[in-house]
$ cat start-v7.cif   # mmCIF, C-alpha atoms
data_work
loop_
_atom_site.label_atom_id
_atom_site.label_comp_id
_atom_site.auth_asym_id
_atom_site.auth_seq_id
_atom_site.Cartn_x
_atom_site.Cartn_y
_atom_site.Cartn_z
CA MET Y 1 0.00 0.00 0.00
CA HIS Y 2 1.10 3.51 -0.63
CA PRO Y 3 0.02 6.62 1.22
CA PRO Y 4 -2.31 8.92 -0.70
CA VAL Y 5 -0.51 11.50 -2.80
CA LYS Y 6 -2.59 14.20 -4.42
CA LEU Y 7 -1.65 15.44 -7.88
CA LEU Y 8 -2.00 19.23 -7.86
CA GLU Y 9 -0.58 20.03 -11.29
CA ARG Y 10 0.97 18.22 -14.26
CA ARG Y 11 3.02 20.12 -16.83
CA TYR Y 12 4.92 18.70 -19.82
CA VAL Y 13 8.28 20.40 -20.28
CA PHE Y 14 9.88 18.30 -23.04
CA HIS Y 15 8.69 16.09 -25.90
CA GLY Y 16 11.38 13.99 -27.57
CA ARG Y 17 11.66 11.10 -30.00
CA VAL Y 18 11.90 8.39 -27.33
CA PHE Y 19 10.48 9.99 -24.19
CA GLN Y 20 8.81 13.05 -22.74
CA VAL Y 21 9.42 14.83 -19.45
CA ARG Y 22 6.73 16.11 -17.15
CA GLN Y 23 6.77 17.94 -13.85
CA ASP Y 24 4.20 16.82 -11.31
CA ARG Y 25 3.38 19.05 -8.36
CA LEU Y 26 2.14 16.85 -5.53
CA GLN Y 27 0.69 17.23 -2.08
CA LEU Y 28 2.31 14.63 0.15
CA PRO Y 29 0.51 12.83 3.02
CA ASN Y 30 2.29 15.10 5.53
CA GLY Y 31 0.75 18.16 3.83
CA ARG Y 32 3.93 19.38 2.17
CA GLU Y 33 4.25 19.91 -1.55
CA ALA Y 34 6.88 18.40 -3.84
CA VAL Y 35 7.72 18.82 -7.51
CA LEU Y 36 8.93 15.70 -9.29
CA ASP Y 37 10.50 15.48 -12.75
CA ILE Y 38 9.23 12.32 -14.45
CA VAL Y 39 10.53 10.79 -17.68
CA GLU Y 40 7.64 9.08 -19.49
CA HIS Y 41 8.93 6.21 -21.64
CA HIS Y 42 7.10 3.73 -23.93
CA GLY Y 43 8.96 0.75 -22.50
CA ALA Y 44 11.81 -1.38 -23.75
CA VAL Y 45 13.15 -4.89 -24.07
CA VAL Y 46 16.42 -6.55 -23.13
CA ILE Y 47 17.54 -9.86 -24.58
CA LEU Y 48 19.89 -12.53 -23.21
CA PRO Y 49 21.04 -14.30 -26.40
CA VAL Y 50 22.70 -17.66 -25.73
CA ASP Y 51 24.04 -19.74 -28.61
CA ALA Y 52 24.38 -23.54 -28.97
CA GLU Y 53 27.81 -23.41 -27.28
CA ASN Y 54 26.26 -21.62 -24.26
CA ARG Y 55 28.01 -18.37 -25.08
CA VAL Y 56 26.32 -15.05 -24.31
CA TRP Y 57 26.17 -12.41 -27.04
CA PHE Y 58 26.73 -8.85 -25.83
CA VAL Y 59 27.26 -5.48 -27.43
CA ARG Y 60 29.94 -3.00 -26.48
CA GLN Y 61 28.13 0.29 -26.86
CA TYR Y 62 29.30 3.85 -26.37
CA ARG Y 63 26.98 5.67 -23.96
CA HIS Y 64 27.44 9.41 -24.16
CA ALA Y 65 25.55 10.10 -20.91
CA VAL Y 66 28.33 8.36 -18.94
CA GLY Y 67 31.13 8.97 -21.44
CA GLU Y 68 32.03 5.27 -21.59
CA THR Y 69 31.69 2.18 -23.72
CA LEU Y 70 29.68 -0.37 -21.74
CA LEU Y 71 29.23 -4.11 -22.09
CA GLU Y 72 25.48 -4.67 -22.42
CA LEU Y 73 22.94 -7.21 -23.52
CA PRO Y 74 21.09 -6.24 -26.72
CA ALA Y 75 18.12 -4.01 -25.93
CA GLY Y 76 15.84 -1.40 -27.42
CA THR Y 77 12.79 0.77 -27.17
CA LEU Y 78 9.32 -0.41 -28.10
CA GLU Y 79 7.79 1.26 -31.12
CA PRO Y 80 4.15 2.41 -30.69
CA GLY Y 81 1.88 -0.65 -30.93
CA GLU Y 82 4.82 -3.09 -31.12
CA SER Y 83 4.75 -6.21 -28.94
CA PRO Y 84 7.73 -6.80 -26.65
CA GLN Y 85 8.67 -10.04 -28.44
CA ALA Y 86 8.53 -8.41 -31.90
CA CYS Y 87 10.71 -5.60 -30.57
CA ALA Y 88 13.14 -8.11 -29.07
CA GLN Y 89 13.47 -9.99 -32.36
CA ARG Y 90 14.03 -6.73 -34.27
CA GLU Y 91 16.63 -5.50 -31.79
CA LEU Y 92 18.45 -8.84 -31.83
CA GLN Y 93 18.77 -8.65 -35.62
CA GLU Y 94 19.80 -4.98 -35.59
CA GLU Y 95 22.34 -5.21 -32.78
CA ILE Y 96 23.99 -8.64 -33.14
CA GLY Y 97 22.82 -9.78 -36.58
CA MET Y 98 21.04 -12.88 -35.26
CA ARG Y 99 17.50 -14.19 -34.94
CA ALA Y 100 16.25 -16.64 -32.33
CA SER Y 101 13.69 -19.39 -32.77
CA THR Y 102 13.24 -20.03 -29.03
CA TRP Y 103 12.07 -17.21 -26.76
CA VAL Y 104 11.66 -17.52 -22.99
CA PRO Y 105 10.13 -14.56 -21.10
CA LEU Y 106 12.28 -13.86 -18.03
CA GLY Y 107 10.28 -11.08 -16.40
CA ARG Y 108 9.60 -7.36 -16.28
CA PHE Y 109 11.24 -4.65 -14.22
CA TYR Y 110 11.32 -0.87 -13.91
CA SER Y 111 14.63 0.63 -15.04
CA ALA Y 112 14.66 3.54 -12.54
CA PRO Y 113 11.25 4.05 -10.89
CA GLY Y 114 12.41 7.10 -8.96
CA TYR Y 115 12.22 9.23 -12.10
CA THR Y 116 10.96 7.22 -15.09
CA SER Y 117 7.95 5.10 -16.02
CA GLU Y 118 10.08 2.87 -18.28
CA ILE Y 119 9.33 -0.81 -17.85
CA MET Y 120 11.67 -3.35 -19.41
CA VAL Y 121 10.67 -6.81 -20.60
CA ALA Y 122 13.48 -9.37 -20.47
CA PHE Y 123 13.81 -12.43 -22.70
CA LEU Y 124 16.15 -15.39 -23.03
CA ALA Y 125 16.78 -16.02 -26.75
CA ARG Y 126 18.04 -19.46 -27.85
CA ASP Y 127 18.55 -21.30 -31.14
CA LEU Y 128 20.31 -18.37 -32.80
CA SER Y 129 20.87 -18.12 -36.55
CA PRO Y 130 22.29 -15.32 -38.72
CA ALA Y 131 19.75 -12.70 -39.84
CA SER Y 132 20.79 -9.07 -39.71
CA LEU Y 133 18.93 -5.79 -40.04
CA PRO Y 134 20.57 -2.36 -40.39
CA ARG Y 135 21.50 -0.70 -37.09
CA ASP Y 136 20.06 2.60 -35.99
CA GLU Y 137 22.19 5.47 -37.27
CA ASP Y 138 23.06 6.72 -33.77
CA GLU Y 139 24.27 3.36 -32.43
CA ILE Y 140 28.01 2.90 -31.98
CA MET Y 141 28.56 -0.73 -30.97
CA ASP Y 142 30.45 -3.97 -31.53
CA VAL Y 143 29.41 -7.55 -30.79
CA ALA Y 144 31.23 -9.38 -27.97
CA ILE Y 145 30.69 -13.09 -27.20
CA TYR Y 146 31.66 -14.74 -23.90
CA PRO Y 147 31.25 -18.24 -22.43
CA TRP Y 148 28.62 -18.37 -19.71
CA PRO Y 149 31.08 -18.92 -16.77
CA GLN Y 150 33.16 -15.93 -17.88
CA VAL Y 151 30.04 -13.73 -17.83
CA TRP Y 152 29.63 -14.29 -14.08
CA GLU Y 153 33.31 -13.57 -13.51
CA MET Y 154 32.94 -10.27 -15.40
CA VAL Y 155 29.94 -9.42 -13.21
CA ARG Y 156 31.98 -10.15 -10.06
CA GLN Y 157 34.87 -8.03 -11.34
CA GLY Y 158 32.59 -5.06 -12.03
CA ILE Y 159 33.16 -5.18 -15.79
CA VAL Y 160 29.39 -5.46 -16.39
CA ARG Y 161 27.91 -2.26 -14.92
CA ASP Y 162 24.75 -1.78 -16.97
CA ALA Y 163 21.65 -2.19 -14.77
CA LYS Y 164 19.38 -3.78 -17.39
CA THR Y 165 22.09 -6.33 -18.18
CA LEU Y 166 22.65 -7.15 -14.51
CA ALA Y 167 18.90 -7.45 -13.85
CA THR Y 168 18.39 -9.74 -16.84
CA LEU Y 169 21.30 -11.98 -15.85
CA PHE Y 170 19.78 -12.20 -12.37
CA LEU Y 171 16.38 -13.11 -13.83
CA ALA Y 172 18.06 -15.88 -15.86
CA LEU Y 173 19.35 -17.63 -12.71
CA SER Y 174 16.31 -19.92 -12.63
CA HIS Y 175 17.34 -21.14 -16.10
CA LEU Y 176 20.94 -21.91 -15.12
CA PRO Y 177 20.85 -25.71 -15.58
CA SER Y 178 19.99 -25.23 -19.24
CA LEU Y 179 22.56 -22.44 -19.66
CA GLU Y 180 25.66 -24.00 -18.13
#
$ encode --input "start-v7.cif" --output "structure tokens"
Amino acid sequence: MHPPVKLLERRYVFHGRVFQVRQDRLQLPNGREAVLDIVEHHGAVVILPVDAENRVWFVRQYRHAVGETLLELPAGTLEPGESPQACAQRELQEEIGMRASTWVPLGRFYSAPGYTSEIMVAFLARDLSPASLPRDEDEIMDVAIYPWPQVWEMVRQGIVRDAKTLATLFLALSHLPSLE
């Protein structure tokens, strides 16, 4: 249960290609007011692609917001009206040049519920075969493939620092016997 919060005013301050930003003025249960900046997002998918040799396919992607190239699982934003699985298949083809014939839903999670409505849908993708689509023009990435045991070592060493990747790997733990 959550305490009642009263919305006093909602104002949109930015409309972009992928998200919009609003400011909500709220009355809190203690009577005080607060202004929150909220990023409204359509939702996204993240895919854990595992090939026949039980290797995990990642992308190394430059992320300007943090000024670093990160090791991440393939992921992408839902287009309006697109199903999460259709988005996942499209992103897999765009980002690593593969398609999957076996899809296992792993779960859903909020990326950062303190300031965004974005919900991510995670999938395990198996039975990979080559099938590429052109990448988005703004994506700077390379494919990186690692054996499953090395993935966990990279997590322990802090090499994998992307939250959606870490969350999806955690969600895949119940599938470990089939992945090792």
$ resolve_selection --input "start-v7.cif" --expression "the PyMOL selection byres ((chain Y and resi 166) around 12)" --output "PyMOL selection string"
chain Y and resi 46-48+71-73+109+111+122+151-152+154-156+158-165+167-173
$ atom_distance --input "start-v7.cif" --atom1 "CA of Glu118 in chain Y" --atom2 "CA of Val21 in chain Y"
12.0 Å
$ residues_around --input "start-v7.cif" --residues "Val13 in chain Y" --least-positions-apart "2" --cutoff "12 Å" --atoms "only C-alpha atoms" --output "list in words"
Arg10, Arg11, His15, Gly16, Phe19, Gln20, Val21, Arg22, Gln23, Asp24, Leu36, Asp37, Ile38, Val39 and Glu40 of chain Y
$ atom_distance --input "start-v7.cif" --atom1 "CA of Thr116 in chain Y" --atom2 "CA of Ala34 in chain Y"
16.4 Å
$ resolve_selection --input "start-v7.cif" --expression "the PyMOL selection byres ((chain Y and resi 124) around 12)" --output "PDB file with C-alpha atoms, in the coordinates of the input"
ATOM      1  CA  VAL Y  45      13.150  -4.890 -24.070  1.00  0.00           C
ATOM      2  CA  VAL Y  46      16.420  -6.550 -23.130  1.00  0.00           C
ATOM      3  CA  ILE Y  47      17.540  -9.860 -24.580  1.00  0.00           C
ATOM      4  CA  LEU Y  48      19.890 -12.530 -23.210  1.00  0.00           C
ATOM      5  CA  PRO Y  49      21.040 -14.300 -26.400  1.00  0.00           C
ATOM      6  CA  VAL Y  50      22.700 -17.660 -25.730  1.00  0.00           C
ATOM      7  CA  ASP Y  51      24.040 -19.740 -28.610  1.00  0.00           C
ATOM      8  CA  ASN Y  54      26.260 -21.620 -24.260  1.00  0.00           C
ATOM      9  CA  VAL Y  56      26.320 -15.050 -24.310  1.00  0.00           C
ATOM     10  CA  TRP Y  57      26.170 -12.410 -27.040  1.00  0.00           C
ATOM     11  CA  LEU Y  73      22.940  -7.210 -23.520  1.00  0.00           C
ATOM     12  CA  PRO Y  74      21.090  -6.240 -26.720  1.00  0.00           C
ATOM     13  CA  ALA Y  75      18.120  -4.010 -25.930  1.00  0.00           C
ATOM     14  CA  GLN Y  85       8.670 -10.040 -28.440  1.00  0.00           C
ATOM     15  CA  ALA Y  88      13.140  -8.110 -29.070  1.00  0.00           C
ATOM     16  CA  GLN Y  89      13.470  -9.990 -32.360  1.00  0.00           C
ATOM     17  CA  LEU Y  92      18.450  -8.840 -31.830  1.00  0.00           C
ATOM     18  CA  ALA Y 100      16.250 -16.640 -32.330  1.00  0.00           C
ATOM     19  CA  SER Y 101      13.690 -19.390 -32.770  1.00  0.00           C
ATOM     20  CA  THR Y 102      13.240 -20.030 -29.030  1.00  0.00           C
ATOM     21  CA  TRP Y 103      12.070 -17.210 -26.760  1.00  0.00           C
ATOM     22  CA  VAL Y 104      11.660 -17.520 -22.990  1.00  0.00           C
ATOM     23  CA  PRO Y 105      10.130 -14.560 -21.100  1.00  0.00           C
ATOM     24  CA  LEU Y 106      12.280 -13.860 -18.030  1.00  0.00           C
ATOM     25  CA  GLY Y 107      10.280 -11.080 -16.400  1.00  0.00           C
ATOM     26  CA  VAL Y 121      10.670  -6.810 -20.600  1.00  0.00           C
ATOM     27  CA  ALA Y 122      13.480  -9.370 -20.470  1.00  0.00           C
ATOM     28  CA  PHE Y 123      13.810 -12.430 -22.700  1.00  0.00           C
ATOM     29  CA  ALA Y 125      16.780 -16.020 -26.750  1.00  0.00           C
ATOM     30  CA  ARG Y 126      18.040 -19.460 -27.850  1.00  0.00           C
ATOM     31  CA  ASP Y 127      18.550 -21.300 -31.140  1.00  0.00           C
ATOM     32  CA  LEU Y 128      20.310 -18.370 -32.800  1.00  0.00           C
ATOM     33  CA  THR Y 165      22.090  -6.330 -18.180  1.00  0.00           C
ATOM     34  CA  THR Y 168      18.390  -9.740 -16.840  1.00  0.00           C
ATOM     35  CA  LEU Y 169      21.300 -11.980 -15.850  1.00  0.00           C
ATOM     36  CA  PHE Y 170      19.780 -12.200 -12.370  1.00  0.00           C
ATOM     37  CA  LEU Y 171      16.380 -13.110 -13.830  1.00  0.00           C
ATOM     38  CA  ALA Y 172      18.060 -15.880 -15.860  1.00  0.00           C
ATOM     39  CA  LEU Y 173      19.350 -17.630 -12.710  1.00  0.00           C
ATOM     40  CA  SER Y 174      16.310 -19.920 -12.630  1.00  0.00           C
ATOM     41  CA  HIS Y 175      17.340 -21.140 -16.100  1.00  0.00           C
ATOM     42  CA  LEU Y 176      20.940 -21.910 -15.120  1.00  0.00           C
ATOM     43  CA  SER Y 178      19.990 -25.230 -19.240  1.00  0.00           C
ATOM     44  CA  LEU Y 179      22.560 -22.440 -19.660  1.00  0.00           C
TER      45      LEU Y 179
END
$ axis_aligned_box --input "start-v7.cif" --around "range 97-111 of chain Y" --padding-each-side "3 Å" --output "AutoDock Vina command-line options"
--center_x 16.2 --center_y -9.7 --center_z -25.2 --size_x 19.2 --size_y 26.7 --size_z 28.7
$ closest_residue --input "start-v7.cif" --among "Y:Ala65, Y:His42, Y:Gly97, Y:Ser117" --to "Ser132 in chain Y" --atoms "only C-alpha atoms"
Y:Gly97
$ resolve_selection --input "start-v7.cif" --expression "the PyMOL selection byres ((chain Y and resi 131) around 8)" --output "list in words"
Gln93, Gly97, Met98, Arg99, Ser129, Pro130, Ser132 and Leu133 of chain Y
$ write_last_selection --input "start-v7.cif" --atoms "C-alpha atoms" --output "PDB file, in the coordinates of the input"
ATOM      1  CA  GLN Y  93      18.770  -8.650 -35.620  1.00  0.00           C
ATOM      2  CA  GLY Y  97      22.820  -9.780 -36.580  1.00  0.00           C
ATOM      3  CA  MET Y  98      21.040 -12.880 -35.260  1.00  0.00           C
ATOM      4  CA  ARG Y  99      17.500 -14.190 -34.940  1.00  0.00           C
ATOM      5  CA  SER Y 129      20.870 -18.120 -36.550  1.00  0.00           C
ATOM      6  CA  PRO Y 130      22.290 -15.320 -38.720  1.00  0.00           C
ATOM      7  CA  SER Y 132      20.790  -9.070 -39.710  1.00  0.00           C
ATOM      8  CA  LEU Y 133      18.930  -5.790 -40.040  1.00  0.00           C
TER       9      LEU Y 133
END
$ atom_distance --input "start-v7.cif" --atom1 "CA of Leu26 in chain Y" --atom2 "CA of Leu7 in chain Y"
4.7 Å
